[in-house]
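Visitor: Supplied in structure tokens, the structure appears directly below.
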Amino acid sequence: MTRPAGRGGAAIDWSEIRRRMADAERALEEQFVPAPGQRRAILEARARALAAGAPAEPGASIEVLEFTLANERYAIESSWVSEVVPLRELTPLPGTPAFVLGIIHLRGEVISVLDLKKFFELPDRGLSDLDKAIVLDDGAMQFAILADAIVGVRRLLLDDVQPPLPTLTDVRADYLLGITRQSEVVLDGRKLLADPAIVVADETGG
Amino acid sequence: MPLDNEAFLKHLLATFRVEADEHLRAMVSLVLELEQPAPAERLPQLVETLFREAHSLKGAARAVGLSEVEAACTALESPLAALKRQEIALSPALLETLDRRIDTLGRLLAGEEAAVPRPPPAEMAPPIEAPAPVGVPAPAVERSERPSSPVPDAAGTVRISTARLTALLVQAEDLLAFKFSAGHLAGELRTLHAEVSEWKKACGTSAREVGILRRMRERAVNGARGERLPSGVDKLCDAVERDERVARSLHERLGRLLRTAEQERRTFGGIVNSLQEDMKQALMQPFAGLLELLPKLVRDLARDSGKQVELCVDGAAIEIDRRILEQMKDPLIHLVRNAIDHGVEVPAERARRGKPPRGRLAIAVTPKDGNQIEVLIADDGAGIDVEKVTAAARKLGLVVPQDAGGLSRDDALALIYESGLSTSAILTDISGRGLGLAIVREKVEKLGGRIAIELPESGGTQFRIVLPTTLANFRGLLVAVGDSQFVLPARSVERVARVESGAIRTVENREAIELEGQAVALVRLSEVLGVPIAAPAGEDDRHVQLAVLASGGKRIAFVVDAVLGDQEVLVKGLGPQLKRVRNIAGATVLGPGRLVPILSVPDLMKSALRARPAAAIPAPESARAPRRAVLVVEDSITSRSLLKNILESSGYDVATAVDGIDALTLLHDRQFDVVVSDVEMPRMDGFDLTAHIRQDRKFAALPVVLVTALESRAHKERGIDVGANAYIVKSSFDQSNLIEAIRRLT
């Protein structure tokens, strides 16, 4: 006598369960092993999608370095980050725009240090430490941006990154990959590094 | 495999380019030689050499699959072959043809950079022979029998790419920074050793006193009731004696370390110096590399302007740093163009003046004393009309008319360097734009050389350029302006001087000072750069420190706060993000990790003229009303300088400390009216610092403002508990609330 396996059910009908699992398995296989014609169609569709440079596949992620700046949380793809160093000595340079804080010396190289708050024209309120320098490098351009604190490195699901809200009208909006659900600002390292506006080239001479 | 082939082909092409360039240059000079009236017996040899050059290049081009180059070589070869077989005679028309074909070849080779090469011969079907002219046997591949170029003693030499050589040089130069920092470290050790030495002496004194104490005690023990001394004293005595031993051993070890460091610094310094010297020697190249461009240039220019010019070159074998040679290319070409365009007259004019129709342009390189060479560029042309120069200058508004009368010949000649000045009535495409000489002089001065124009009695014009044979290590004058330090290139610093401020005169709203009987414009470096000046130390307002800079024929005296020294420095660029910063040419490393900007003198001179006329000497108002002193304690360098700036611009005298311990030391040294401190800091935090301040009766009334990221109530209460007078939370920090708090407290 079989009765539905309830909470208090004494007996389990194993044969029934096996049968149902086998059914389910068959159904799954039928769905995923298409007939030869179908297979071709699917493959062609996939090829087209790939050729079109399909949008990030679901589940794709990037590795980011997270940091805080003026009480906000930022992230930047770690492939643009060459290193993070504590800011100890800083030589200010007269005659540079406000977002250039100065230069530092790192293993024989001179690296300029930028304040993103100033570059993004964010309101200058509050006093922050800004004593971690994140060195960004894309092979051609190199500079360091300052952070108050480094949170760490983690993987970020691209699905979690939303395009910036249209209400975000500050300069920053141009340099973002997006904003995460936790309102973490994800910077577009490629854009930041390639931006001509970030280069100081005072051709007016003296 | 295909990848390897690609790399191989790339390498092959690079090698080919170097080789092709040599062949091309050889051919150009051979054709020029053929143009000269030469003894008949030399002719076959020249033709033969030229033919072989073309032929070798053809073989090489074929090997790397550059068929156009190959065809161009063939086109060059056929008339030469005919010439060799004496089927045709050498004629001006033929020379013209040869010249044109070499030009074509040159353009082809120059354009080859981007060309996509055909697959390498290994994978290729047998190469299709370009149709060979009748009678000329198709040569076998003969790359080896290339006639050697006129480089003296090629045996025992290797070819190295300039890129690799430059990379080596940069690395050798980077070692300089280590040499400097080794010196700095040894200096630090010396200071430390001296300090420990003092400490050892103090310990010695204490130990002697302890010895006396012990003897007294022994006497007391031997006497009646010795044990009265508390037992702790024994321990204290032991501790003092132990310290004394530690101090002695530390002193000795430091002494050894110091000697080793000094010795290593000397050895290392010697090695770096000789490495640099050798690197410089490796970079020496004969002047010929530059001079061999000229015959063709002169011939083409002369032909284009309908003049006849004979070029005489002397001293081509003299060697000079290739970097200087590269930099001199444009100036030299410019001067040669000038000489032909402005100097040498057309044959008819020359005949009228009783000169031979053929003009003469002589370029002579001669070694001079002290690692210098002189390049003399002389033509026998019309010379420079001083009157015309003055008139042109007047037209540009450079000379005030009444000045011109008293203008000496040399002064008038110097005007020729002014931008925009040209005496040429018509602008030709060769020269006459008037910008050139200014740039020539700037380049020469930048290399550490100088240039002079002379108008010899015999006529013509000559430019005398003196250049260093090697690029000297850069020497800089370290100066202080406010809290900042800058390096001025020593070669542009004419002199430094300390003058009385009373000697500064105001002429037409601009300040000037008389130096050696000459009025020199005076500007403040702080104003030109826009850096805040230091709070007047009040020690000496009656004198100002000057650095007189000279560039482009101008002198300006810059007021600095102090001249700190003169030393060798390594020039570094500012990185890709700072492509060009006004007034700043680069940076150098002084001491471990500390960068100091190097100023650009040409920029400074321009900025100085633009800077607003300085107001009369600023009255040191603060000398009368003593300013309130604030001690800022903050571990973050950014916040520290921000706080310092805010407070200084509000009229406070600010000192800074990096943590609580540092602050306590400063507090004992100097008098402060208020302390502004961060809370979270290494070694000693703001709470502990406040507690320490409150414990010391000397500081009982000293107000303490805590500025902190810790916003919780508990933290705030702790702040009040330890005795802080104000608590400002960083997230809501605003400069007005800080200033307000300080104003209330002091």
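Letters A, B, ... go to the chains of the structure tokens in the order shown; residues in each chain start at 1; ligands are counted from 1 in the same order.
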Compile the residues of chain A that lie within 7 Å of chain B, evaluated using only C-alpha atoms, and express the compilation as JSON, numbers by chain.
Guide: {"A": [88, 89, 91, 94, 95, 96, 104, 105, 108, 110, 111, 112, 125, 126, 127, 128, 129, 130, 131, 141, 142, 143, 198, 199, 200, 201, 202, 203, 205, 206]}
Visitor: Write the residues of the selection above to a file with N, CA, C and O atoms, as a CSV table (one decimal), in the first residue's frame.
Guide:
chain,number,residue,atom,x,y,z
A,88,ARG,N,53.9,58.6,1.3
A,88,ARG,CA,54.7,59.1,2.4
A,88,ARG,C,55.2,60.5,2.1
A,88,ARG,O,55.1,61.4,2.9
A,89,GLU,N,55.9,60.5,1.0
A,89,GLU,CA,56.5,61.8,0.5
A,89,GLU,C,55.7,62.3,-0.7
A,89,GLU,O,55.4,61.5,-1.6
A,91,THR,N,55.7,65.6,-3.5
A,91,THR,CA,56.2,66.9,-3.9
A,91,THR,C,55.2,67.6,-4.7
A,91,THR,O,54.9,67.2,-5.8
A,94,PRO,N,54.0,73.5,-8.5
A,94,PRO,CA,53.3,74.7,-8.8
A,94,PRO,C,52.9,74.8,-10.3
A,94,PRO,O,53.6,74.2,-11.1
A,95,GLY,N,51.8,75.4,-10.5
A,95,GLY,CA,51.4,75.6,-11.9
A,95,GLY,C,50.7,74.4,-12.5
A,95,GLY,O,50.5,74.4,-13.8
A,96,THR,N,50.2,73.4,-11.7
A,96,THR,CA,49.5,72.3,-12.3
A,96,THR,C,48.0,72.5,-11.8
A,96,THR,O,47.7,73.2,-10.9
A,104,ILE,N,55.5,61.6,-6.9
A,104,ILE,CA,56.2,60.7,-6.0
A,104,ILE,C,57.2,59.9,-6.7
A,104,ILE,O,57.2,59.8,-7.9
A,105,HIS,N,58.1,59.4,-6.0
A,105,HIS,CA,59.3,58.6,-6.6
A,105,HIS,C,59.0,57.1,-6.2
A,105,HIS,O,58.9,56.8,-5.1
A,108,GLY,N,62.7,54.5,-9.0
A,108,GLY,CA,63.4,55.1,-10.1
A,108,GLY,C,62.5,55.9,-11.0
A,108,GLY,O,62.9,56.5,-11.9
A,110,VAL,N,59.2,58.6,-11.8
A,110,VAL,CA,58.4,59.7,-11.2
A,110,VAL,C,57.0,59.4,-11.6
A,110,VAL,O,56.7,59.2,-12.7
A,111,ILE,N,56.1,59.4,-10.6
A,111,ILE,CA,54.7,59.2,-10.9
A,111,ILE,C,53.8,60.3,-10.3
A,111,ILE,O,54.0,60.7,-9.2
A,112,SER,N,53.0,60.8,-11.2
A,112,SER,CA,52.1,61.9,-10.7
A,112,SER,C,51.0,61.4,-9.9
A,112,SER,O,50.5,60.3,-10.2
A,125,ARG,N,34.1,68.7,0.7
A,125,ARG,CA,33.7,68.8,2.1
A,125,ARG,C,34.3,67.6,2.9
A,125,ARG,O,34.5,66.5,2.3
A,126,GLY,N,34.6,67.8,4.1
A,126,GLY,CA,35.1,66.7,4.9
A,126,GLY,C,36.6,66.7,4.7
A,126,GLY,O,37.2,67.2,3.8
A,127,LEU,N,37.3,66.0,5.6
A,127,LEU,CA,38.7,65.9,5.6
A,127,LEU,C,39.0,64.4,5.5
A,127,LEU,O,38.6,63.7,6.3
A,128,SER,N,39.7,64.1,4.4
A,128,SER,CA,40.0,62.6,4.3
A,128,SER,C,41.5,62.4,4.3
A,128,SER,O,42.3,63.2,4.0
A,129,ASP,N,41.8,61.1,4.6
A,129,ASP,CA,43.2,60.8,4.7
A,129,ASP,C,44.0,60.8,3.4
A,129,ASP,O,45.1,61.3,3.4
A,130,LEU,N,43.4,60.3,2.4
A,130,LEU,CA,44.0,60.2,1.1
A,130,LEU,C,45.5,59.9,1.2
A,130,LEU,O,46.3,60.6,0.7
A,131,ASP,N,45.8,58.8,1.9
A,131,ASP,CA,47.2,58.5,2.0
A,131,ASP,C,47.6,57.1,1.4
A,131,ASP,O,48.6,56.6,1.7
A,141,MET,N,49.9,55.2,-20.5
A,141,MET,CA,49.7,56.2,-19.5
A,141,MET,C,49.9,55.6,-18.1
A,141,MET,O,49.7,54.4,-17.9
A,142,GLN,N,50.4,56.4,-17.2
A,142,GLN,CA,50.6,56.0,-15.9
A,142,GLN,C,50.4,57.1,-14.9
A,142,GLN,O,50.9,58.2,-15.1
A,143,PHE,N,49.6,56.9,-13.9
A,143,PHE,CA,49.5,57.9,-12.8
A,143,PHE,C,49.0,57.2,-11.6
A,143,PHE,O,48.5,56.1,-11.7
A,198,ILE,N,42.9,64.4,-18.8
A,198,ILE,CA,43.7,64.1,-17.6
A,198,ILE,C,45.2,64.5,-17.7
A,198,ILE,O,45.9,64.6,-16.8
A,199,VAL,N,45.6,64.6,-19.0
A,199,VAL,CA,47.0,64.9,-19.3
A,199,VAL,C,47.2,66.4,-19.2
A,199,VAL,O,46.4,67.2,-19.7
A,200,VAL,N,48.3,66.8,-18.5
A,200,VAL,CA,48.6,68.2,-18.4
A,200,VAL,C,49.7,68.5,-19.4
A,200,VAL,O,50.7,67.9,-19.5
A,201,ALA,N,49.3,69.3,-20.4
A,201,ALA,CA,50.2,69.7,-21.4
A,201,ALA,C,50.1,71.2,-21.7
A,201,ALA,O,49.4,71.7,-22.6
A,202,ASP,N,50.7,71.9,-20.8
A,202,ASP,CA,50.7,73.4,-20.8
A,202,ASP,C,51.6,73.9,-21.9
A,202,ASP,O,52.8,74.1,-21.7
A,203,GLU,N,51.0,74.1,-23.1
A,203,GLU,CA,51.9,74.5,-24.2
A,203,GLU,C,52.1,76.0,-24.3
A,203,GLU,O,52.7,76.5,-25.2
A,205,GLY,N,53.9,77.7,-22.6
A,205,GLY,CA,55.2,78.1,-22.2
A,205,GLY,C,55.2,78.8,-20.9
A,205,GLY,O,54.4,78.6,-20.1
A,206,GLY,N,56.1,79.7,-20.7
A,206,GLY,CA,56.3,80.4,-19.5
A,206,GLY,C,55.2,81.4,-19.2
A,206,GLY,O,54.3,81.6,-19.9
Visitor: Tell me, which residues of region 55-123 of chain A carry DSSP strand (DSSP E or B), written as a ChimeraX atom specification?
Guide: /A:61-69,72-77,81-86,91,100-106,109-114
Visitor: If you count only C-alpha atoms, which residues fall within 7 Å of region 552-568 of chain B, apart from same-chain ones fewer than 6 positions away, as a PyMOL selection string?
Guide: chain B and resi 442+473-482+520-525+544-546
Visitor: Keeping only C-alpha atoms, write the selected residues to a file as a PDB file, in the first residue's frame.
Guide:
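Done, and the output landed in result_22.pdb:
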ATOM      1  CA  GLU B 442      68.301  77.915 -27.614  1.00  0.00           C
ATOM      2  CA  ASN B 473      76.267  65.581 -15.681  1.00  0.00           C
ATOM      3  CA  PHE B 474      73.570  68.001 -14.811  1.00  0.00           C
ATOM      4  CA  ARG B 475      74.467  70.290 -11.940  1.00  0.00           C
ATOM      5  CA  GLY B 476      71.786  72.098 -10.084  1.00  0.00           C
ATOM      6  CA  LEU B 477      71.500  74.868  -7.562  1.00  0.00           C
ATOM      7  CA  LEU B 478      69.126  73.880  -4.775  1.00  0.00           C
ATOM      8  CA  VAL B 479      67.044  76.825  -3.589  1.00  0.00           C
ATOM      9  CA  ALA B 480      64.257  77.202  -1.042  1.00  0.00           C
ATOM     10  CA  VAL B 481      61.116  79.205  -1.631  1.00  0.00           C
ATOM     11  CA  GLY B 482      58.665  79.063   1.218  1.00  0.00           C
ATOM     12  CA  VAL B 520      69.039  93.767 -13.808  1.00  0.00           C
ATOM     13  CA  ALA B 521      65.304  93.125 -13.594  1.00  0.00           C
ATOM     14  CA  LEU B 522      64.329  91.552 -10.300  1.00  0.00           C
ATOM     15  CA  VAL B 523      61.397  89.225  -9.657  1.00  0.00           C
ATOM     16  CA  ARG B 524      60.369  86.999  -6.800  1.00  0.00           C
ATOM     17  CA  LEU B 525      60.534  83.307  -7.625  1.00  0.00           C
ATOM     18  CA  VAL B 544      67.466  89.364   0.027  1.00  0.00           C
ATOM     19  CA  GLN B 545      69.027  86.319  -1.581  1.00  0.00           C
ATOM     20  CA  LEU B 546      69.273  86.442  -5.365  1.00  0.00           C
TER      21      LEU B 546
END
Visitor: Mind giving me the straight-line distance from CA of Leu9 (chain B) to CA of Ile160 (chain B) in Å, one decimal?
Guide: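 Computing the Euclidean distance for CA of Leu9 (chain B) and CA of Ile160 (chain B) yields 18.7 Å.
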Visitor: Can you list, as a count of residues only, every protein, DNA or RNA residue that comes within 12 Å of region 231-238 of chain B when you count only C-alpha atoms, leaving out same-chain residues fewer than 2 positions away?
Guide: 23
Visitor: Near Asp103 (chain B), counting only C-alpha atoms, which residues have an atom at most 12 Å away, once you skip same-chain residues fewer than 6 positions from it, shown as JSON, numbers by chain?
Guide: {"B": [24, 25, 27, 28, 31, 69, 72, 73, 76, 96, 97, 109, 110, 296, 300]}
Visitor: Suppose you want the space between CA of Glu6 (chain B) and CA of Ser67 (chain B); what is it in Å?
Guide: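 Distance reported for this atom pair: 18.2 Å.
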Visitor: Hey, what's within 10 Å of Arg299 (chain B) if we count only C-alpha atoms and toss same-chain stuff fewer than 3 positions away? As a VMD selection string, please?
Guide: chain B and resid 32 294 to 296 302 to 304 307 to 311
Visitor: With N, CA, C and O atoms kept, could you save the residues just selected as a PDB file, in the first residue's frame?
Guide:
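What follows is the written file again11.pdb:
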ATOM      1  N   LEU B  32      78.296  62.560 -55.737  1.00  0.00           N
ATOM      2  CA  LEU B  32      78.843  63.903 -55.519  1.00  0.00           C
ATOM      3  C   LEU B  32      80.309  63.956 -55.944  1.00  0.00           C
ATOM      4  O   LEU B  32      80.775  64.939 -56.515  1.00  0.00           O
ATOM      5  N   LEU B 294      75.614  67.032 -45.488  1.00  0.00           N
ATOM      6  CA  LEU B 294      75.693  68.380 -46.038  1.00  0.00           C
ATOM      7  C   LEU B 294      75.979  68.488 -47.533  1.00  0.00           C
ATOM      8  O   LEU B 294      75.368  69.316 -48.200  1.00  0.00           O
ATOM      9  N   PRO B 295      76.909  67.671 -48.094  1.00  0.00           N
ATOM     10  CA  PRO B 295      77.207  67.877 -49.514  1.00  0.00           C
ATOM     11  C   PRO B 295      75.965  67.898 -50.388  1.00  0.00           C
ATOM     12  O   PRO B 295      75.782  68.795 -51.216  1.00  0.00           O
ATOM     13  N   LYS B 296      75.071  66.952 -50.153  1.00  0.00           N
ATOM     14  CA  LYS B 296      73.880  66.891 -50.981  1.00  0.00           C
ATOM     15  C   LYS B 296      72.972  68.096 -50.715  1.00  0.00           C
ATOM     16  O   LYS B 296      72.436  68.703 -51.641  1.00  0.00           O
ATOM     17  N   ALA B 302      71.967  75.079 -53.524  1.00  0.00           N
ATOM     18  CA  ALA B 302      72.643  75.975 -54.463  1.00  0.00           C
ATOM     19  C   ALA B 302      71.945  75.918 -55.811  1.00  0.00           C
ATOM     20  O   ALA B 302      71.663  76.951 -56.429  1.00  0.00           O
ATOM     21  N   ARG B 303      71.617  74.699 -56.241  1.00  0.00           N
ATOM     22  CA  ARG B 303      70.977  74.542 -57.537  1.00  0.00           C
ATOM     23  C   ARG B 303      69.628  75.275 -57.528  1.00  0.00           C
ATOM     24  O   ARG B 303      69.293  75.992 -58.457  1.00  0.00           O
ATOM     25  N   ASP B 304      68.869  75.086 -56.424  1.00  0.00           N
ATOM     26  CA  ASP B 304      67.541  75.699 -56.353  1.00  0.00           C
ATOM     27  C   ASP B 304      67.600  77.205 -56.345  1.00  0.00           C
ATOM     28  O   ASP B 304      66.658  77.871 -56.778  1.00  0.00           O
ATOM     29  N   LYS B 307      72.763  79.453 -57.389  1.00  0.00           N
ATOM     30  CA  LYS B 307      74.075  79.886 -56.926  1.00  0.00           C
ATOM     31  C   LYS B 307      75.062  78.741 -57.075  1.00  0.00           C
ATOM     32  O   LYS B 307      74.675  77.588 -57.242  1.00  0.00           O
ATOM     33  N   GLN B 308      76.329  79.089 -56.999  1.00  0.00           N
ATOM     34  CA  GLN B 308      77.349  78.052 -57.023  1.00  0.00           C
ATOM     35  C   GLN B 308      78.060  78.066 -55.677  1.00  0.00           C
ATOM     36  O   GLN B 308      78.541  79.103 -55.239  1.00  0.00           O
ATOM     37  N   VAL B 309      78.070  76.925 -55.039  1.00  0.00           N
ATOM     38  CA  VAL B 309      78.680  76.882 -53.714  1.00  0.00           C
ATOM     39  C   VAL B 309      79.613  75.684 -53.608  1.00  0.00           C
ATOM     40  O   VAL B 309      79.260  74.570 -53.989  1.00  0.00           O
ATOM     41  N   GLU B 310      80.785  75.971 -53.104  1.00  0.00           N
ATOM     42  CA  GLU B 310      81.736  74.896 -52.863  1.00  0.00           C
ATOM     43  C   GLU B 310      81.769  74.659 -51.363  1.00  0.00           C
ATOM     44  O   GLU B 310      81.868  75.602 -50.573  1.00  0.00           O
ATOM     45  N   LEU B 311      81.618  73.393 -50.974  1.00  0.00           N
ATOM     46  CA  LEU B 311      81.588  73.079 -49.543  1.00  0.00           C
ATOM     47  C   LEU B 311      82.933  72.499 -49.124  1.00  0.00           C
ATOM     48  O   LEU B 311      83.437  71.574 -49.753  1.00  0.00           O
TER      49      LEU B 311
END
